[in-house]
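Enquirer: So I've got this file, run_3.txt, and it contains compact mmCIF, C-alpha atoms:
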# COMPACT_ATOMS: atom_id res chain seq x y z
CA MET A 1 6.52 -63.68 -166.21
CA LEU A 2 8.07 -63.65 -169.64
CA LYS A 3 9.13 -66.59 -171.79
CA ILE A 4 11.20 -65.79 -174.88
CA GLU A 5 11.34 -68.39 -177.63
CA VAL A 6 13.88 -68.19 -180.45
CA ASP A 7 12.90 -70.47 -183.33
CA ARG A 8 15.13 -71.29 -186.33
CA LEU A 9 16.73 -67.86 -186.21
CA THR A 10 19.13 -66.79 -188.97
CA LEU A 11 20.99 -63.46 -188.83
CA ASN A 12 23.12 -62.01 -191.61
CA TYR A 13 25.29 -58.97 -192.12
CA GLY A 14 25.21 -58.57 -195.88
CA ARG A 15 26.38 -61.87 -197.34
CA ASN A 16 27.95 -62.95 -194.07
CA THR A 17 25.80 -65.32 -192.01
CA VAL A 18 26.39 -64.81 -188.30
CA VAL A 19 24.04 -67.47 -186.94
CA ARG A 20 22.04 -69.99 -188.93
CA ASP A 21 18.82 -71.75 -187.96
CA ILE A 22 19.31 -71.67 -184.17
CA SER A 23 16.57 -72.35 -181.63
CA PHE A 24 16.48 -71.94 -177.85
CA ALA A 25 14.32 -70.48 -175.08
CA LEU A 26 14.80 -68.09 -172.18
CA GLU A 27 12.65 -69.04 -169.20
CA PRO A 28 11.47 -67.02 -166.16
CA GLY A 29 13.71 -67.52 -163.15
CA CYS A 30 16.47 -68.99 -165.32
CA MET A 31 19.77 -67.31 -166.15
CA LEU A 32 20.80 -68.38 -169.64
CA GLY A 33 24.38 -67.76 -170.69
CA MET A 34 25.51 -67.40 -174.30
CA VAL A 35 29.17 -68.32 -174.67
CA GLY A 36 31.57 -68.81 -177.54
CA PRO A 37 34.60 -67.21 -179.18
CA ASN A 38 34.72 -63.63 -180.41
CA GLY A 39 32.54 -63.08 -183.47
CA CYS A 40 30.35 -66.14 -182.86
CA GLY A 41 27.15 -64.07 -182.82
CA LYS A 42 26.38 -63.59 -179.11
CA SER A 43 25.88 -59.81 -179.42
CA THR A 44 23.93 -60.14 -182.65
CA VAL A 45 21.48 -62.57 -181.07
CA ILE A 46 20.87 -60.11 -178.21
CA LYS A 47 20.27 -57.35 -180.79
CA ALA A 48 17.72 -59.54 -182.52
CA ILE A 49 15.84 -60.38 -179.33
CA SER A 50 15.70 -56.68 -178.41
CA ARG A 51 14.59 -55.74 -181.96
CA VAL A 52 17.71 -53.76 -182.79
CA LYS A 53 18.31 -56.16 -185.69
CA ALA A 54 15.58 -57.86 -187.69
CA PRO A 55 15.86 -61.63 -188.29
CA ASP A 56 16.65 -62.72 -191.83
CA SER A 57 14.55 -65.80 -191.15
CA GLY A 58 12.98 -67.50 -188.17
CA SER A 59 11.05 -65.94 -185.32
CA ILE A 60 11.35 -64.53 -181.80
CA VAL A 61 8.25 -64.88 -179.65
CA PHE A 62 7.43 -63.26 -176.29
CA ASN A 63 4.72 -65.20 -174.45
CA GLY A 64 3.20 -66.23 -177.76
CA ARG A 65 3.55 -62.81 -179.45
CA ASP A 66 5.97 -62.27 -182.30
CA VAL A 67 8.43 -59.59 -181.22
CA SER A 68 7.96 -57.76 -184.52
CA LYS A 69 4.31 -57.13 -183.54
CA ILE A 70 5.19 -55.53 -180.19
CA SER A 71 5.51 -51.74 -180.09
CA HIS A 72 8.84 -50.27 -179.06
CA MET A 73 7.30 -48.77 -175.92
CA ASP A 74 5.74 -52.08 -174.86
CA LEU A 75 9.00 -53.85 -175.61
CA ALA A 76 10.87 -51.40 -173.37
CA ARG A 77 8.51 -52.32 -170.53
CA LEU A 78 9.24 -56.00 -171.07
CA VAL A 79 12.99 -56.14 -171.75
CA GLY A 80 15.93 -54.13 -170.45
CA VAL A 81 19.25 -54.30 -172.30
CA VAL A 82 22.81 -53.69 -171.11
CA PRO A 83 24.79 -53.26 -174.35
CA GLN A 84 28.47 -54.05 -174.67
CA ILE A 85 29.31 -50.47 -175.73
CA PRO A 86 26.75 -48.05 -174.24
CA LEU A 87 26.16 -44.84 -176.20
CA LEU A 88 25.28 -42.14 -173.67
CA PRO A 89 25.20 -38.32 -173.70
CA SER A 90 28.45 -37.27 -172.07
CA THR A 91 26.94 -34.15 -170.44
CA PHE A 92 24.20 -36.06 -168.58
CA THR A 93 24.77 -36.93 -164.95
CA ALA A 94 24.78 -40.55 -163.87
CA PHE A 95 21.48 -40.06 -162.03
CA GLU A 96 19.86 -38.59 -165.17
CA VAL A 97 20.97 -41.64 -167.16
CA VAL A 98 19.56 -44.05 -164.56
CA LEU A 99 16.31 -42.06 -164.51
CA MET A 100 15.99 -42.69 -168.26
CA GLY A 101 15.02 -46.22 -167.28
CA ARG A 102 11.66 -44.85 -166.15
CA ASN A 103 10.78 -43.41 -169.60
CA PRO A 104 8.80 -46.47 -170.80
CA HIS A 105 6.51 -46.09 -167.79
CA LEU A 106 5.67 -42.42 -168.41
CA GLY A 107 2.75 -41.11 -170.42
CA LEU A 108 2.94 -38.56 -173.20
CA PHE A 109 4.45 -35.30 -171.85
CA GLN A 110 4.59 -36.84 -168.38
CA THR A 111 7.64 -36.09 -166.26
CA GLU A 112 9.24 -38.26 -163.59
CA GLY A 113 7.58 -38.10 -160.18
CA PRO A 114 8.79 -38.87 -156.65
CA ASN A 115 8.19 -42.61 -157.15
CA ASP A 116 10.38 -42.65 -160.28
CA MET A 117 13.10 -40.73 -158.44
CA GLU A 118 13.00 -43.25 -155.60
CA ILE A 119 13.20 -46.22 -157.99
CA ALA A 120 16.25 -44.67 -159.66
CA ARG A 121 17.85 -44.00 -156.28
CA VAL A 122 17.32 -47.59 -155.14
CA ALA A 123 18.75 -48.89 -158.44
CA MET A 124 21.90 -46.85 -157.87
CA GLU A 125 22.17 -48.13 -154.32
CA SER A 126 21.83 -51.71 -155.53
CA THR A 127 24.67 -51.24 -158.02
CA ARG A 128 26.83 -49.18 -155.62
CA THR A 129 26.77 -46.18 -157.96
CA SER A 130 25.09 -43.65 -155.64
CA HIS A 131 28.37 -41.77 -155.22
CA LEU A 132 28.39 -41.13 -158.99
CA ALA A 133 24.90 -39.60 -159.10
CA SER A 134 25.99 -35.99 -159.70
CA ARG A 135 28.96 -36.76 -161.93
CA ARG A 136 28.70 -36.40 -165.70
CA ILE A 137 29.03 -39.47 -167.92
CA GLY A 138 32.02 -37.94 -169.71
CA GLU A 139 33.93 -37.95 -166.42
CA LEU A 140 33.41 -41.65 -165.66
CA SER A 141 35.56 -44.68 -166.41
CA GLY A 142 34.34 -47.52 -168.63
CA GLY A 143 33.60 -49.67 -165.60
CA GLU A 144 31.67 -46.89 -163.87
CA ILE A 145 29.61 -46.28 -167.01
CA GLN A 146 28.82 -50.00 -167.27
CA SER A 147 27.60 -50.02 -163.67
CA VAL A 148 25.42 -46.95 -164.31
CA VAL A 149 23.85 -48.63 -167.35
CA ILE A 150 23.05 -51.70 -165.25
CA ALA A 151 21.40 -49.38 -162.70
CA ARG A 152 19.35 -47.86 -165.53
CA VAL A 153 18.07 -51.32 -166.51
CA LEU A 154 17.13 -52.04 -162.89
CA ALA A 155 15.20 -48.76 -162.78
CA GLN A 156 13.37 -49.86 -165.92
CA ARG A 157 11.67 -52.63 -163.88
CA THR A 158 11.27 -55.08 -166.78
CA GLU A 159 10.35 -58.77 -166.84
CA ALA A 160 13.52 -59.73 -168.72
CA ILE A 161 17.11 -58.46 -168.80
CA LEU A 162 19.60 -59.03 -171.60
CA LEU A 163 23.24 -58.32 -170.87
CA ASP A 164 25.99 -58.23 -173.49
CA GLU A 165 29.39 -58.79 -171.86
CA PRO A 166 28.32 -56.86 -168.71
CA THR A 167 31.59 -57.57 -166.90
CA SER A 168 33.99 -56.62 -169.71
CA ASN A 169 35.08 -53.30 -168.16
CA LEU A 170 34.82 -54.31 -164.52
CA ASP A 171 37.48 -55.50 -162.10
CA VAL A 172 37.06 -58.93 -160.53
CA GLY A 173 35.32 -57.64 -157.40
CA ARG A 174 32.78 -55.64 -159.38
CA GLN A 175 32.18 -58.55 -161.78
CA ILE A 176 31.13 -60.71 -158.84
CA GLU A 177 28.92 -57.94 -157.37
CA VAL A 178 27.11 -57.35 -160.66
CA LEU A 179 26.52 -61.02 -161.43
CA ASP A 180 25.47 -61.71 -157.83
CA LEU A 181 22.89 -58.93 -158.15
CA VAL A 182 21.54 -60.17 -161.49
CA LYS A 183 21.39 -63.77 -160.25
CA ASP A 184 19.56 -62.69 -157.10
CA LEU A 185 16.96 -60.76 -159.14
CA CYS A 186 16.53 -63.73 -161.44
CA ARG A 187 15.83 -66.10 -158.55
CA LYS A 188 13.78 -63.89 -156.23
CA GLN A 189 11.73 -61.99 -158.81
CA GLY A 190 11.49 -64.68 -161.47
CA LEU A 191 13.17 -62.48 -164.07
CA THR A 192 14.10 -63.91 -167.44
CA VAL A 193 17.83 -63.31 -167.92
CA GLY A 194 20.03 -63.79 -170.96
CA VAL A 195 23.71 -62.89 -170.71
CA ALA A 196 26.53 -63.06 -173.23
CA LEU A 197 29.78 -63.81 -171.45
CA HIS A 198 33.34 -64.13 -172.67
CA ASP A 199 34.59 -65.70 -169.44
CA LEU A 200 33.61 -69.37 -169.33
CA ASN A 201 34.39 -69.69 -165.62
CA LEU A 202 31.98 -66.87 -164.76
CA ALA A 203 29.36 -68.42 -167.04
CA VAL A 204 29.71 -71.76 -165.25
CA GLN A 205 29.39 -70.18 -161.81
CA TYR A 206 26.34 -68.00 -162.49
CA CYS A 207 24.28 -69.44 -165.33
CA ASP A 208 21.64 -72.14 -164.92
CA LYS A 209 21.88 -73.07 -168.61
CA LEU A 210 24.39 -72.36 -171.36
CA ILE A 211 24.37 -72.34 -175.14
CA LEU A 212 27.75 -72.61 -176.83
CA LEU A 213 27.83 -70.87 -180.21
CA HIS A 214 30.35 -71.87 -182.87
CA ASP A 215 30.50 -71.50 -186.66
CA GLY A 216 27.01 -70.03 -186.83
CA SER A 217 25.24 -72.76 -184.90
CA ILE A 218 24.70 -74.07 -181.38
CA ARG A 219 27.49 -76.53 -180.63
CA ALA A 220 26.06 -77.52 -177.23
CA GLU A 221 23.14 -76.58 -174.96
CA GLY A 222 22.31 -77.56 -171.40
CA THR A 223 23.66 -77.21 -167.89
CA PRO A 224 27.20 -75.85 -167.45
CA ALA A 225 28.46 -79.37 -166.77
CA GLN A 226 26.87 -80.62 -169.99
CA VAL A 227 28.22 -77.78 -172.13
CA VAL A 228 31.68 -77.02 -170.72
CA THR A 229 33.37 -80.32 -171.48
CA GLN A 230 36.90 -80.94 -172.69
CA ALA A 231 35.59 -82.04 -176.09
CA ASN A 232 33.49 -78.89 -176.56
CA VAL A 233 36.13 -76.48 -175.29
CA SER A 234 38.85 -78.03 -177.46
CA ALA A 235 36.60 -78.03 -180.55
CA VAL A 236 35.56 -74.40 -180.15
CA TYR A 237 38.53 -72.70 -178.51
CA GLY A 238 41.40 -74.98 -179.54
CA ALA A 239 43.70 -77.11 -177.41
CA GLY A 240 45.00 -74.28 -175.24
CA SER A 241 42.75 -74.93 -172.24
CA HIS A 242 41.97 -77.84 -169.96
CA VAL A 243 38.66 -78.52 -168.22
CA TYR A 244 38.81 -79.68 -164.60
CA ASN A 245 36.03 -80.68 -162.23
CA ILE A 246 36.18 -78.55 -159.08
CA ASP A 247 33.51 -79.11 -156.42
CA GLY A 248 31.23 -80.67 -159.00
CA ALA A 249 31.50 -77.83 -161.52
CA PRO A 250 33.74 -77.51 -164.58
CA ALA A 251 36.60 -75.01 -164.43
CA ILE A 252 38.85 -73.97 -167.30
CA LEU A 253 42.57 -73.51 -166.76
CA PRO A 254 44.95 -72.27 -169.48
CA ARG A 255 47.90 -74.15 -170.90
CA ALA A 256 51.13 -72.41 -171.91
CA GLY A 257 53.71 -74.08 -174.11
CA GLY A 258 51.88 -77.37 -173.82
CA ARG A 259 52.16 -77.43 -170.01
CA LEU A 260 49.42 -76.65 -167.52
CA TYR A 261 50.08 -73.72 -165.21
CA PRO A 262 47.55 -73.61 -162.34
CA LEU A 263 46.00 -70.22 -161.64
Reformat the file's structure so that it appears as C-alpha cells.
Expert:
Amino acid sequence: MLKIEVDRLTLNYGRNTVVRDISFALEPGCMLGMVGPNGCGKSTVIKAISRVKAPDSGSIVFNGRDVSKISHMDLARLVGVVPQIPLLPSTFTAFEVVLMGRNPHLGLFQTEGPNDMEIARVAMESTRTSHLASRRIGELSGGEIQSVVIARVLAQRTEAILLDEPTSNLDVGRQIEVLDLVKDLCRKQGLTVGVALHDLNLAVQYCDKLILLHDGSIRAEGTPAQVVTQANVSAVYGAGSHVYNIDGAPAILPRAGGRLYPL
C-alpha cells in the first residue's frame, strides 16, 4: 500500500506561483478530491506528484522515499495517471493503447504475453470499452478516448491512481460509471486515489476527503461536509451558488439573477 505525502510544496511557472507551501497526504483506501476554480493548480499538483513537473520547493514522498529518487520505471509501477488532455498516437488501436499500461512490468526487449493481453482485456471490460478495441484512436470521440486511457491505467495495475478531470468529456451516465469503478477499486483493493474534479457535487458524492485550492493555497481540507460550506463556496467561487444539505451531504445549486432555480 502506498502513502503519498506532500510537504510544503511550491510550484511556479516562471514568475507565476501556482501553489505556495501546501501540505497534504494521500492515504491507501482513501479517495482524495482536489477542487477549486479553473487555474487554481489542481492539474499542476498532479503533474508534480507524477514527476512531470519538479517542485520549486518542498517535497513529495512515497512511503518514505522522495519521489525525485525513484526511477521513472519504478514510478510507473507505483502510480497510474489519467491526464486531462491525453496525447496518444492516432493510428494505434484502442487495445494497443490499453496494452501500453503493461510496459512498466516488462523487462528489456520483452514483449507482452498472454497474461498481459488478458489484463488489458479485463481492463477494457471494466470500463465498457471492449467494443472499441479494434478502432483507431483517431476515430474516437473525446469521451471514448478518456475511457480508453482509464482502461490503460487499470491495466497498469499500480498502487495509486491520479486522475485529472477524468469526467470532463463524459456524459452523466459515463461519469457515474467511471467514478463508481474508481471508488470500488479504492475501497476493495486499498488503492491510493487522488482526483482533480471541477464538479463539486461529484466530488462530494465520491471523495472521502477534499482539499479546496484557492489563490495558491489550501482554503479548506477535510470531509466533504467540512469543506463544501456556504462560506467556503462563496469565498472561492463567488455568491452565485447556494449550499444545501441533502440527505446529510452538501449539494450546490446555482443562482440566476439573484434567485435560486432548483435543478
Enquirer: Between atom CA of A:Lys47 and atom CA of A:Gln156, what is the distance, to one decimal in Å?
Expert: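 Separation between atom CA of A:Lys47 and atom CA of A:Gln156: 18.0 Å.
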Enquirer: Taking all atoms listed in the file into account, which of A:Leu170, A:Ala231, A:Ala94, A:Met100 comes nearest A:Ala133?
Expert: A:Ala94
Enquirer: From the options A:Leu99, A:Ile218, A:Leu200, A:Met117, which residue's atoms come nearest to A:His242, counting all atoms listed in the file?
Expert: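 Distance minimum relative to A:His242 lands on A:Leu200.
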Enquirer: Using all atoms listed in the file, which of the listed residues (A:Leu132, A:Leu87, A:Leu212, A:Ile246) sits closest to A:Gly41?
Expert: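 Under the stated criterion, the closest residue is A:Leu212.
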Enquirer: Between A:Glu144, A:Asp116, A:Glu159, A:Asp215, which residue has the minimum interatomic distance to A:Met1, considering all atoms listed in the file?
Expert: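 That would be A:Glu159, the residue with the smallest distance to A:Met1.
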Enquirer: Please provide as a list in words all residues within 10 Å of A:Leu2, with the sequence filter that same-chain residues fewer than 3 positions apart are discarded (counting all atoms listed in the file).
Expert: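 Within the cut-off, the hits are Glu5, Leu26, Glu27, Pro28, Gly29, Phe62, Asn63, Gly64, Leu78, Val79, Thr158, Glu159, Ala160, Gly190, Leu191, Thr192 and Val193 of chain A.
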Enquirer: Using only C-alpha atoms, which protein or nucleic acid residues come within 12 Å of A:Asp199? Drop anything in the same chain fewer than 6 positions from it, and give the result as a PyMOL selection string.
Expert: chain A and resi 33-38+165-168+172+175+205-207+228+251-253
Enquirer: Which residue gives the smallest distance to A:Arg187 among A:Cys30, A:Ile60, A:Gly39, A:Arg20, with only C-alpha atoms counted?
Expert: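 Going through A:Cys30, A:Ile60, A:Gly39, A:Arg20 one by one, the smallest distance to A:Arg187 is for A:Cys30.
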Enquirer: Rank nothing, just name the residue among A:Gln189, A:Gln84, A:Val98, A:Ser50 nearest to A:His72, using all atoms listed in the file.
Expert: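 Nearest to A:His72: A:Ser50.
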Enquirer: Have a look at atom CA of A:Pro89 and atom CA of A:Arg136 and let me know their distance in Å, one decimal.
Expert: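 Calculated distance between atom CA of A:Pro89 and atom CA of A:Arg136 is 8.9 Å.
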Enquirer: Do you have the atom CA of A:Ala120-atom CA of A:Asp74 distance handy?
Expert: 19.9 Å
Enquirer: With all atoms of stretch 29-45 of chain A from the file as input, state the centre and edge lengths in Å to one decimal of the axis-aligned box that has 5 Å extra on each side, as JSON.
Expert:
{"center_x": 24.2, "center_y": -64.4, "center_z": -173.3, "size_x": 31.0, "size_y": 19.2, "size_z": 30.3}
Enquirer: Skipping near chain neighbours, those fewer than 5 positions away, what residues fall within 12 Å of A:Thr91 using all atoms listed in the file, listed as a count of residues only?
Expert: 9
Enquirer: Give me, as a ChimeraX atom specification, all polymer residues having an atom no more than 7 Å from stretch 102-114 of chain A, counting all atoms listed in the file and skipping those fewer than 5 positions away in the same chain.
Expert: /A:73,76-77,155-156
Enquirer: Reconstruct stretch 196-230 of chain A at the level of N, CA and C atoms, and format the result as a PDB file, keeping the file's coordinate frame.
Expert:
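Result went into out-v3.pdb, see below:
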ATOM      1  N   ALA A 196      25.394 -62.631-172.414  1.00  0.00           N
ATOM      2  CA  ALA A 196      26.530 -63.060-173.230  1.00  0.00           C
ATOM      3  C   ALA A 196      27.793 -62.839-172.426  1.00  0.00           C
ATOM      4  N   LEU A 197      28.569 -63.894-172.264  1.00  0.00           N
ATOM      5  CA  LEU A 197      29.780 -63.810-171.450  1.00  0.00           C
ATOM      6  C   LEU A 197      30.974 -64.369-172.217  1.00  0.00           C
ATOM      7  N   HIS A 198      32.091 -63.677-172.070  1.00  0.00           N
ATOM      8  CA  HIS A 198      33.340 -64.130-172.670  1.00  0.00           C
ATOM      9  C   HIS A 198      34.058 -65.111-171.747  1.00  0.00           C
ATOM     10  N   ASP A 199      33.896 -64.907-170.445  1.00  0.00           N
ATOM     11  CA  ASP A 199      34.590 -65.700-169.440  1.00  0.00           C
ATOM     12  C   ASP A 199      33.793 -66.967-169.127  1.00  0.00           C
ATOM     13  N   LEU A 200      34.322 -68.113-169.547  1.00  0.00           N
ATOM     14  CA  LEU A 200      33.610 -69.370-169.330  1.00  0.00           C
ATOM     15  C   LEU A 200      33.467 -69.710-167.847  1.00  0.00           C
ATOM     16  N   ASN A 201      34.471 -69.377-167.049  1.00  0.00           N
ATOM     17  CA  ASN A 201      34.390 -69.690-165.620  1.00  0.00           C
ATOM     18  C   ASN A 201      33.277 -68.912-164.939  1.00  0.00           C
ATOM     19  N   LEU A 202      33.097 -67.646-165.309  1.00  0.00           N
ATOM     20  CA  LEU A 202      31.980 -66.870-164.760  1.00  0.00           C
ATOM     21  C   LEU A 202      30.652 -67.453-165.241  1.00  0.00           C
ATOM     22  N   ALA A 203      30.592 -67.843-166.500  1.00  0.00           N
ATOM     23  CA  ALA A 203      29.360 -68.420-167.040  1.00  0.00           C
ATOM     24  C   ALA A 203      28.977 -69.687-166.285  1.00  0.00           C
ATOM     25  N   VAL A 204      29.956 -70.518-165.984  1.00  0.00           N
ATOM     26  CA  VAL A 204      29.710 -71.760-165.250  1.00  0.00           C
ATOM     27  C   VAL A 204      29.174 -71.476-163.851  1.00  0.00           C
ATOM     28  N   GLN A 205      29.756 -70.483-163.193  1.00  0.00           N
ATOM     29  CA  GLN A 205      29.390 -70.180-161.810  1.00  0.00           C
ATOM     30  C   GLN A 205      28.002 -69.571-161.684  1.00  0.00           C
ATOM     31  N   TYR A 206      27.570 -68.785-162.674  1.00  0.00           N
ATOM     32  CA  TYR A 206      26.340 -68.000-162.490  1.00  0.00           C
ATOM     33  C   TYR A 206      25.152 -68.454-163.333  1.00  0.00           C
ATOM     34  N   CYS A 207      25.377 -69.131-164.428  1.00  0.00           N
ATOM     35  CA  CYS A 207      24.280 -69.440-165.330  1.00  0.00           C
ATOM     36  C   CYS A 207      23.672 -70.817-165.023  1.00  0.00           C
ATOM     37  N   ASP A 208      22.352 -70.871-165.111  1.00  0.00           N
ATOM     38  CA  ASP A 208      21.640 -72.140-164.920  1.00  0.00           C
ATOM     39  C   ASP A 208      21.772 -73.020-166.164  1.00  0.00           C
ATOM     40  N   LYS A 209      21.730 -72.366-167.333  1.00  0.00           N
ATOM     41  CA  LYS A 209      21.880 -73.070-168.610  1.00  0.00           C
ATOM     42  C   LYS A 209      22.845 -72.288-169.490  1.00  0.00           C
ATOM     43  N   LEU A 210      23.472 -72.999-170.414  1.00  0.00           N
ATOM     44  CA  LEU A 210      24.390 -72.360-171.360  1.00  0.00           C
ATOM     45  C   LEU A 210      24.055 -72.820-172.780  1.00  0.00           C
ATOM     46  N   ILE A 211      24.306 -71.925-173.741  1.00  0.00           N
ATOM     47  CA  ILE A 211      24.370 -72.340-175.140  1.00  0.00           C
ATOM     48  C   ILE A 211      25.739 -71.910-175.651  1.00  0.00           C
ATOM     49  N   LEU A 212      26.408 -72.842-176.303  1.00  0.00           N
ATOM     50  CA  LEU A 212      27.750 -72.610-176.830  1.00  0.00           C
ATOM     51  C   LEU A 212      27.636 -72.422-178.336  1.00  0.00           C
ATOM     52  N   LEU A 213      27.939 -71.199-178.793  1.00  0.00           N
ATOM     53  CA  LEU A 213      27.830 -70.870-180.210  1.00  0.00           C
ATOM     54  C   LEU A 213      29.172 -71.061-180.900  1.00  0.00           C
ATOM     55  N   HIS A 214      29.113 -71.638-182.107  1.00  0.00           N
ATOM     56  CA  HIS A 214      30.350 -71.870-182.870  1.00  0.00           C
ATOM     57  C   HIS A 214      29.993 -72.082-184.339  1.00  0.00           C
ATOM     58  N   ASP A 215      30.702 -71.361-185.212  1.00  0.00           N
ATOM     59  CA  ASP A 215      30.500 -71.500-186.660  1.00  0.00           C
ATOM     60  C   ASP A 215      29.039 -71.331-187.065  1.00  0.00           C
ATOM     61  N   GLY A 216      28.370 -70.370-186.430  1.00  0.00           N
ATOM     62  CA  GLY A 216      27.010 -70.030-186.830  1.00  0.00           C
ATOM     63  C   GLY A 216      25.918 -70.916-186.280  1.00  0.00           C
ATOM     64  N   SER A 217      26.268 -71.869-185.439  1.00  0.00           N
ATOM     65  CA  SER A 217      25.240 -72.760-184.900  1.00  0.00           C
ATOM     66  C   SER A 217      25.485 -73.003-183.408  1.00  0.00           C
ATOM     67  N   ILE A 218      24.559 -73.714-182.790  1.00  0.00           N
ATOM     68  CA  ILE A 218      24.700 -74.070-181.380  1.00  0.00           C
ATOM     69  C   ILE A 218      25.452 -75.388-181.294  1.00  0.00           C
ATOM     70  N   ARG A 219      26.670 -75.318-180.775  1.00  0.00           N
ATOM     71  CA  ARG A 219      27.490 -76.530-180.630  1.00  0.00           C
ATOM     72  C   ARG A 219      26.974 -77.402-179.491  1.00  0.00           C
ATOM     73  N   ALA A 220      26.553 -76.758-178.384  1.00  0.00           N
ATOM     74  CA  ALA A 220      26.060 -77.520-177.230  1.00  0.00           C
ATOM     75  C   ALA A 220      25.091 -76.647-176.445  1.00  0.00           C
ATOM     76  N   GLU A 221      24.143 -77.283-175.769  1.00  0.00           N
ATOM     77  CA  GLU A 221      23.140 -76.580-174.960  1.00  0.00           C
ATOM     78  C   GLU A 221      22.807 -77.447-173.756  1.00  0.00           C
ATOM     79  N   GLY A 222      22.670 -76.815-172.593  1.00  0.00           N
ATOM     80  CA  GLY A 222      22.310 -77.560-171.400  1.00  0.00           C
ATOM     81  C   GLY A 222      22.878 -76.932-170.161  1.00  0.00           C
ATOM     82  N   THR A 223      23.058 -77.717-169.114  1.00  0.00           N
ATOM     83  CA  THR A 223      23.660 -77.210-167.890  1.00  0.00           C
ATOM     84  C   THR A 223      25.140 -76.909-168.140  1.00  0.00           C
ATOM     85  N   PRO A 224      25.767 -76.095-167.278  1.00  0.00           N
ATOM     86  CA  PRO A 224      27.200 -75.850-167.450  1.00  0.00           C
ATOM     87  C   PRO A 224      28.032 -77.122-167.545  1.00  0.00           C
ATOM     88  N   ALA A 225      27.702 -78.124-166.735  1.00  0.00           N
ATOM     89  CA  ALA A 225      28.460 -79.370-166.770  1.00  0.00           C
ATOM     90  C   ALA A 225      28.289 -80.104-168.095  1.00  0.00           C
ATOM     91  N   GLN A 226      27.114 -79.966-168.713  1.00  0.00           N
ATOM     92  CA  GLN A 226      26.870 -80.620-169.990  1.00  0.00           C
ATOM     93  C   GLN A 226      27.551 -79.901-171.156  1.00  0.00           C
ATOM     94  N   VAL A 227      27.698 -78.591-171.028  1.00  0.00           N
ATOM     95  CA  VAL A 227      28.220 -77.780-172.130  1.00  0.00           C
ATOM     96  C   VAL A 227      29.739 -77.610-172.062  1.00  0.00           C
ATOM     97  N   VAL A 228      30.248 -77.304-170.870  1.00  0.00           N
ATOM     98  CA  VAL A 228      31.680 -77.020-170.720  1.00  0.00           C
ATOM     99  C   VAL A 228      32.410 -78.336-170.459  1.00  0.00           C
ATOM    100  N   THR A 229      32.631 -79.069-171.529  1.00  0.00           N
ATOM    101  CA  THR A 229      33.370 -80.320-171.480  1.00  0.00           C
ATOM    102  C   THR A 229      34.690 -80.141-172.232  1.00  0.00           C
ATOM    103  N   GLN A 230      35.617 -81.045-171.998  1.00  0.00           N
ATOM    104  CA  GLN A 230      36.900 -80.940-172.690  1.00  0.00           C
ATOM    105  C   GLN A 230      36.708 -81.018-174.215  1.00  0.00           C
TER     106      GLN A 230
END
